[in-house]
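Student: Here it is: the structure, laid out below.
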Number of protein chains: 2
Amino acid sequence: MFDDLIAAVGAEHVCTGDDPAVADLCADEALGVPAGKPAYVVWPADRDEVAAVVRAARAAGASLTARGAGTGLSGAATPDDGAVLVSFARMDRILEIDPADAVAVVQPGVSLADLDAAAGEHGLTYPVHPGETTASVGGTVATNAGGMRAVRYGVTRSHVLGLEAVLADGSVVLTGGKLVKISSGYDVTQLLVGSEGTLALVTEVIVRLHPRLPARRTVLAPFPNAEAVTSAVSAVVASGLGPTICEYLDGPTMRAVCAAADLSLGLPEDLVDADHLLVELAGRRQERVDKDAEELAELLARQGAADVFDLPTGSVRRLVEAREKTFWAIKAAGADEIVDLVVPRSAMATFLARARAAGDAHGSRVLGCGHAGDGNVHLAVFQPDPDRLARTLHDVFAAGTALGGAVSGEHGVGRAKAHHLEEFGDPGALDVVRRVRAALDPEGTLNPGCAVRLSGGR
Amino acid sequence: MFDDLIAAVGAEHVCTGDDPAVADLCADEALGVPAGKPAYVVWPADRDEVAAVVRAARAAGASLTARGAGTGLSGAATPDDGAVLVSFARMDRILEIDPADAVAVVQPGVSLADLDAAAGEHGLTYPVHPGETTASVGGTVATNAGGMRAVRYGVTRSHVLGLEAVLADGSVVLTGGKLVKISSGYDVTQLLVGSEGTLALVTEVIVRLHPRLPARRTVLAPFPNAEAVTSAVSAVVASGLGPTICEYLDGPTMRAVCAAADLSLGLPEDLVDADHLLVELAGRRQERVDKDAEELAELLARQGAADVFDLPTGSVRRLVEAREKTFWAIKAAGADEIVDLVVPRSAMATFLARARAAGDAHGSRVLGCGHAGDGNVHLAVFQPDPDRLARTLHDVFAAGTALGGAVSGEHGVGRAKAHHLEEFGDPGALDVVRRVRAALDPEGTLNPGCAVRLSGGR
């Protein structure tokens, strides 16, 4: 296989998996998913090289895992032992920013930050904004990444209009195009988005861009409890104010975030431990956003906010950035696992209460924050004992799915949550997934250790 | 099979296909797709009856076609001869409007008009609005229907959050939920949306609702040519004004629409034959919409509009309704085929010119209108000679797909366009579709005459 890989990408772009230089590439950021030991790591330069690599791996009976920037949180970029690990680091070109169609055409290795910056030169934005903007477009397509701005703009899935991808047999598919709507048979684009490298390796992506909004305003409202936050979130969504951010942070998470960012918001001490709702509005005209912020503040007060703080720009930026980096703060604080279950928006408080009760029952500490506008709750679970941790997580996933939730809102399933999906997903839907996967990759070449199966939301 | 169907749904809900009472159910509105001759028509009452019907048809080796309201334009609801035709007319209940989560749970036989009215009682709207609001939710899920408001809200696919569906073997799948985001393995919801009854029969749908916007304003701008309209559309989209409607009508279509609605807009006679752009803005506050309308008018003038007419409410309502009914006006005028190719937004004028040239080359008359904000061009082709018509259509599809377009933007493929998709779709993507279809329906029970295959957009 080594010779075939060298023939595919050139000797200078292959190395063996035991090379110390690639140690950092053998895992992503998922807690609790150990690094794999790939046989080879390759850096293809284009689609045809990717196809040659796939054929070489398949012919050798090796498995193959794609890797973007490695910022994923579910282990979907972690290779099997003996696998071929395909890095897209060299395929990092922005091929086109097309303002007339408001789309970009990019290679999968482009970072979200670079894509958004390039779009910005045309007054446009690519608003998919998970915690790490060093994430690659390809990785976010594989995991259907979300982030804070999904409440306004939708997740990655909403933005991918077309793909070029290499299947397990090395053949190439072209899907979609610079087309904001399409009804021409099964949507293969949408089938590939979120499939975590198990159906195809994406080699080119066409994404939708949006007009960049110059005006914004952010308010922070501490509430007496999560129930009040949940009601307020439904009211904010119903208002039509269309927030760009609608985030929940419990007291301990707020403390951890502010400490990690060395940020003081000047809140009265008794309010720091409240349940917080952070809402950003954005628009084309500052005076309208200002007026909407007043309306929002009144709405939040009516919903029972203890106070409503109109945050100054500098503090907001730092708080939002710190919130985006919550994972790192939580990791630094020693969290043993993170969870990003999604539940119906109105069920957030109930789920939080049940998740904390599950933690209490097993002696685990459970902190919560999340994309409240989307019902996407992020929990940090502190429990060093593996058995107790497993039982805590089981009960947390049981609680969330019993409320109509799904195993992951935006991180994906990967290796970290495959068994939860297996246990709590709809059996019929899981069977569909298995049949589709077998139809497209009968030999199990693509990311086989990454058991992507569908989670029924009910 | 007759006995099994009676056992499945009750004798009073089965009839044979030669019963004159069902003649109207044996085709949809597609021009050029002849009615089928089903062996039986059944009206199941719930999911379990649907599953029993599917099992009965499969056991007898019969094919099965689902039918909503029959307003489709591609023949996807037209049964094969000898098929079991499944009407969802009895499964027409709105099960829940959930304001806190801004979702509705409905049976597939509910009409779009009824769903939107029920949502309206809670200050919400279901904005999917193809020409016929008598269309059923199930039919629009099957075809991924769009309509004029897709430019703001997206198509059906953007709204479907979860499904209950019966597969070809009679098993039931539950997908998604009241969840606005999800990344828990392959998105089976999105796989089923747009699959035109070839993968499953949908028995329950969870859709997203939006806040109802009380304020609106509509302007009509005649342009000297379609190129100017196309440039103006890109500018409108880039402006961030976020129109709810952004429609193109050529002069003859405008005349036909106004004549069908007995509507006089009071335009100077020389402007009626111009290339028209109709733009609606909507929002929460009338004063903002009014100010945006001024900004829009200035933008359109800068883009070369011959004039910009601020339409009075009554005329607008009638014009928009008449535009929605264009299909009927075109049909009454004797059109022989309609086309709803989608191309990149910026390619609309080029495509229109090439489509008209294709018409001229074969002596066919080609009129155009379309959802300009989406690049979704609707053509009416007048050519009574079947051979000339076929050659005209071939050249039109060749022109559109050569510009990066796809066979259908919102009507679907059905029986009407299967051969175009086969000819112009990406072979790799078509192969994926065939493999997925074979994996889920190996015996070809579900709508086999309806060759749903993917159209590559490039």
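Each chain in the structure tokens gets a letter, A, B, ..., in the order shown, and its residues are numbered from 1; ligands are numbered from 1 in order too.
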With a cut-off of 6 Å, could you pull out the residues of chain B touching chain A and give me the nearest pair of atoms for each, distance in Å to one decimal, using only C-alpha atoms, ordered by chain and ascending number, as a Markdown table?

Tutor:
| residue | atom | partner | partner_atom | distance |
| --- | --- | --- | --- | --- |
| B:Ala100 | CA | A:Ser234 | CA | 5.2 |
| B:Asp101 | CA | A:Arg345 | CA | 5.6 |
| B:Asn144 | CA | A:Ser183 | CA | 5.9 |
| B:Val173 | CA | A:Gly428 | CA | 4.5 |
| B:Leu174 | CA | A:Gly456 | CA | 5.8 |
| B:Thr175 | CA | A:Gly456 | CA | 4.8 |
| B:Gly176 | CA | A:Gly457 | CA | 4.5 |
| B:Gly177 | CA | A:Gly457 | CA | 4.5 |
| B:Lys178 | CA | A:Pro344 | CA | 5.3 |
| B:Leu179 | CA | A:Pro344 | CA | 5.3 |
| B:Val180 | CA | A:Asp374 | CA | 5.9 |
| B:Lys181 | CA | A:Gly409 | CA | 5.7 |
| B:Ile182 | CA | A:Gly409 | CA | 4.2 |
| B:Ser183 | CA | A:Gly412 | CA | 4.9 |
| B:Ser184 | CA | A:Ser408 | CA | 5.2 |
| B:Gly185 | CA | A:Leu454 | CA | 4.4 |
| B:Tyr186 | CA | A:Ser195 | CA | 5.3 |
| B:Ser195 | CA | A:Tyr186 | CA | 5.3 |
| B:Pro211 | CA | A:Gly240 | CA | 5.6 |
| B:Ser234 | CA | A:Ala100 | CA | 5.2 |
| B:Ala238 | CA | A:Pro211 | CA | 5.8 |
| B:Gly240 | CA | A:Pro211 | CA | 5.6 |
| B:Pro344 | CA | A:Lys178 | CA | 5.3 |
| B:Arg345 | CA | A:Asp101 | CA | 5.6 |
| B:Ser346 | CA | A:Asp101 | CA | 5.8 |
| B:Asp374 | CA | A:Val180 | CA | 5.9 |
| B:Val407 | CA | A:Ser184 | CA | 5.9 |
| B:Ser408 | CA | A:Ser184 | CA | 5.2 |
| B:Gly409 | CA | A:Ile182 | CA | 4.2 |
| B:Glu410 | CA | A:Ser183 | CA | 5.0 |
| B:Gly412 | CA | A:Ser183 | CA | 4.9 |
| B:Val413 | CA | A:Ser184 | CA | 5.6 |
| B:Gly428 | CA | A:Val173 | CA | 4.5 |
| B:Ala429 | CA | A:Val173 | CA | 5.1 |
| B:Arg435 | CA | A:Ala439 | CA | 5.8 |
| B:Val436 | CA | A:Val436 | CA | 5.6 |
| B:Ala439 | CA | A:Arg435 | CA | 5.9 |
| B:Val452 | CA | A:Gly185 | CA | 4.8 |
| B:Arg453 | CA | A:Gly185 | CA | 4.6 |
| B:Leu454 | CA | A:Gly185 | CA | 4.4 |
| B:Ser455 | CA | A:Ser184 | CA | 5.3 |
| B:Gly456 | CA | A:Thr175 | CA | 4.8 |
| B:Gly457 | CA | A:Gly176 | CA | 4.5 |
| B:Arg458 | CA | A:Gly177 | CA | 5.9 |

Student: I need the residues in stretch 210-426 of chain B that are strand (DSSP E) according to DSSP; give them as a VMD selection string.

Tutor: chain B and resid 210 to 211 215 to 223 245 to 249 275 to 283 309 to 310 337 to 339 365 to 371 376 to 382

Student: From the options B:Glu287, B:Asp262, B:Glu49, B:Asp336, which residue's atoms come nearest to B:Arg318, counting only C-alpha atoms?

Tutor: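 For B:Arg318, the nearest of the candidates is B:Asp262.
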
Student: From the list A:Val229, A:Val141, A:Ala399, A:Val366, which residue is nearest A:Thr253 when using only C-alpha atoms?

Tutor: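 The answer is A:Val366, which sits nearest to A:Thr253.
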
Student: Just the helix (DSSP H, G or I) stuff from stretch 254-377 of chain A, please, per backbone DSSP, written as a ChimeraX atom specification.

Tutor: /A:254-260,269-272,286-302,313-324,326-332,345-361,372-374

Student: Write out as a PyMOL selection string each polymer residue whose atoms come within 6 Å of B:Val9, counting only C-alpha atoms; drop sequence neighbours fewer than 3 positions from it.

Tutor: chain B and resi 6+13+44+49

Student: Check the smallest atom-to-atom distance from each of B:Phe424, B:Phe88, B:Phe382, B:Phe2 to B:Thr203 using only C-alpha atoms, then report the winner.

Tutor: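 Nearest to B:Thr203: B:Phe88.
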
Student: Give me, please, the distance in Å between atom CA of A:Asp4 and atom CA of A:Val53, quoted to one decimal.

Tutor: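 Taking atom CA of A:Asp4 as the start and atom CA of A:Val53 as the end point, the length is 7.7 Å.
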
Student: Quote the spacing between atom CA of A:Gly400 and atom CA of A:Ala332 in Å to one decimal place.

Tutor: 26.0 Å

Student: Set the distance at 10 Å and use only C-alpha atoms: which residues neighbour A:Ser364 once local chain neighbours fewer than 5 positions away are removed? I'd like the list as number ranges by chain.

Tutor: A: 336, 356-359, 381-385, 388-389, 391-393

Student: Identify which of the residues B:Ala398, B:Tyr40, B:Val316, B:His362 lies closest to B:Asp80, counting only C-alpha atoms when measuring atom-to-atom distances.

Tutor: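 Checking each of B:Ala398, B:Tyr40, B:Val316, B:His362 against B:Asp80, counting only C-alpha atoms, the winner is B:Tyr40.
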
Student: Could you pull the residues within 7 Å of B:Gly109, counting only C-alpha atoms, minus those fewer than 2 positions along the same chain, as a list in words?

Tutor: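 The residues that qualify are Gly68, Phe88, Ala89, Arg90, Met91, Asp92, Gln107, Ser111, Ser136, Val137 and Gly138 of chain B.
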
Student: Those selected residues, please, written with all heavy atoms and delivered as a tab-separated table (two decimals), in the first residue's frame.

Tutor:
chain	number	residue	atom	x	y	z
B	68	GLY	N	-51.44	13.07	-2.64
B	68	GLY	CA	-51.95	14.08	-1.73
B	68	GLY	C	-53.15	14.74	-2.36
B	68	GLY	O	-54.17	14.11	-2.60
B	88	PHE	N	-54.27	10.15	0.70
B	88	PHE	CA	-54.13	10.59	2.09
B	88	PHE	C	-55.25	11.56	2.50
B	88	PHE	O	-55.13	12.26	3.51
B	88	PHE	CB	-52.75	11.19	2.32
B	88	PHE	CG	-51.68	10.14	2.48
B	88	PHE	CD1	-50.99	9.66	1.37
B	88	PHE	CD2	-51.41	9.60	3.72
B	88	PHE	CE1	-50.03	8.66	1.50
B	88	PHE	CE2	-50.46	8.59	3.86
B	88	PHE	CZ	-49.76	8.13	2.75
B	89	ALA	N	-56.33	11.54	1.74
B	89	ALA	CA	-57.41	12.50	2.00
B	89	ALA	C	-58.01	12.35	3.39
B	89	ALA	O	-58.48	13.34	3.98
B	89	ALA	CB	-58.50	12.34	0.93
B	90	ARG	N	-57.99	11.15	3.94
B	90	ARG	CA	-58.58	10.97	5.28
B	90	ARG	C	-57.60	11.32	6.40
B	90	ARG	O	-58.02	11.50	7.54
B	90	ARG	CB	-59.05	9.53	5.47
B	90	ARG	CG	-60.26	9.17	4.62
B	90	ARG	CD	-60.60	7.70	4.79
B	90	ARG	NE	-61.10	7.36	6.10
B	90	ARG	CZ	-60.91	6.19	6.70
B	90	ARG	NH1	-60.16	5.26	6.11
B	90	ARG	NH2	-61.40	5.96	7.89
B	91	MET	N	-56.33	11.38	6.05
B	91	MET	CA	-55.32	11.70	7.09
B	91	MET	C	-55.00	13.19	7.02
B	91	MET	O	-53.94	13.61	6.59
B	91	MET	CB	-54.07	10.84	6.90
B	91	MET	CG	-54.37	9.37	7.18
B	91	MET	SD	-52.98	8.25	6.86
B	91	MET	CE	-51.79	8.80	8.11
B	92	ASP	N	-56.00	13.98	7.43
B	92	ASP	CA	-55.92	15.42	7.20
B	92	ASP	C	-56.04	16.23	8.49
B	92	ASP	O	-56.54	17.35	8.48
B	92	ASP	CB	-57.01	15.84	6.22
B	92	ASP	CG	-58.40	15.60	6.77
B	92	ASP	OD1	-58.52	14.90	7.80
B	92	ASP	OD2	-59.37	16.12	6.18
B	107	GLN	N	-50.80	15.55	9.98
B	107	GLN	CA	-50.90	14.42	9.06
B	107	GLN	C	-50.67	14.91	7.64
B	107	GLN	O	-50.83	16.10	7.34
B	107	GLN	CB	-52.29	13.79	9.20
B	107	GLN	CG	-52.48	13.10	10.56
B	107	GLN	CD	-53.78	12.31	10.61
B	107	GLN	OE1	-54.83	12.80	10.21
B	107	GLN	NE2	-53.69	11.08	11.11
B	111	SER	N	-54.00	20.48	4.15
B	111	SER	CA	-53.63	21.43	3.08
B	111	SER	C	-52.74	22.53	3.64
B	111	SER	O	-52.80	22.85	4.83
B	111	SER	CB	-54.88	22.05	2.45
B	111	SER	OG	-55.45	22.99	3.33
B	136	SER	N	-51.32	19.43	-0.49
B	136	SER	CA	-51.22	18.80	0.83
B	136	SER	C	-49.79	18.90	1.34
B	136	SER	O	-48.83	18.95	0.56
B	136	SER	CB	-51.62	17.33	0.74
B	136	SER	OG	-50.63	16.59	0.05
B	137	VAL	N	-49.65	18.89	2.65
B	137	VAL	CA	-48.30	18.90	3.23
B	137	VAL	C	-47.52	17.68	2.75
B	137	VAL	O	-46.34	17.79	2.37
B	137	VAL	CB	-48.38	18.93	4.78
B	137	VAL	CG1	-47.00	18.72	5.39
B	137	VAL	CG2	-48.97	20.25	5.25
B	138	GLY	N	-48.17	16.52	2.72
B	138	GLY	CA	-47.47	15.31	2.28
B	138	GLY	C	-46.94	15.42	0.86
B	138	GLY	O	-45.82	15.03	0.56

Student: I'd like to know which of B:Phe397, B:Phe351, B:Tyr126, B:Phe327 is closest to B:Ala260, using only C-alpha atoms.

Tutor: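 Going through B:Phe397, B:Phe351, B:Tyr126, B:Phe327 one by one, the smallest distance to B:Ala260 is for B:Phe327.
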
Student: Counting only C-alpha atoms, which of A:Val396, A:Cys450, A:Ala333, A:Val308 gets nearest to A:His419?

Tutor: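 Closest residue, counting only C-alpha atoms: A:Cys450.
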
Student: Atom CA of B:Val257 and atom CA of B:Ala30 are how many Å apart?

Tutor: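 Separating atom CA of B:Val257 from atom CA of B:Ala30 is a distance of 19.6 Å.
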
Student: For stretch 292-296 of chain A, list every protein, DNA or RNA residue within 8 Å, evaluated using only C-alpha atoms, and leave out those in the same chain fewer than 2 positions away; present the list as number ranges by chain.

Tutor: A: 217-219, 236, 241, 281, 288-290, 298-300

Student: Next, dump the selected residues to file, keeping only C-alpha atoms, as a short mmCIF file (atom, residue, chain, number, x, y, z; two decimals), in the first residue's frame.

Tutor:
data_model
loop_
_atom_site.label_atom_id
_atom_site.label_comp_id
_atom_site.auth_asym_id
_atom_site.auth_seq_id
_atom_site.Cartn_x
_atom_site.Cartn_y
_atom_site.Cartn_z
CA ARG A 217 -26.32 45.17 20.16
CA THR A 218 -26.11 42.62 22.96
CA VAL A 219 -27.95 42.25 26.23
CA VAL A 236 -37.76 35.97 22.03
CA LEU A 241 -36.70 40.02 16.61
CA LEU A 281 -29.39 41.43 17.76
CA ARG A 288 -33.28 49.95 14.36
CA VAL A 289 -31.10 47.52 16.28
CA ASP A 290 -31.03 49.97 19.19
CA GLU A 298 -38.74 45.07 27.99
CA LEU A 299 -39.66 41.58 26.86
CA LEU A 300 -36.98 39.99 29.04
#

Student: Set the distance at 7 Å and use only C-alpha atoms: which residues neighbour A:Gly370 once local chain neighbours fewer than 5 positions away are removed? I'd like the list as an NGL selection string.

Tutor: :A and (247-249 or 376-378)
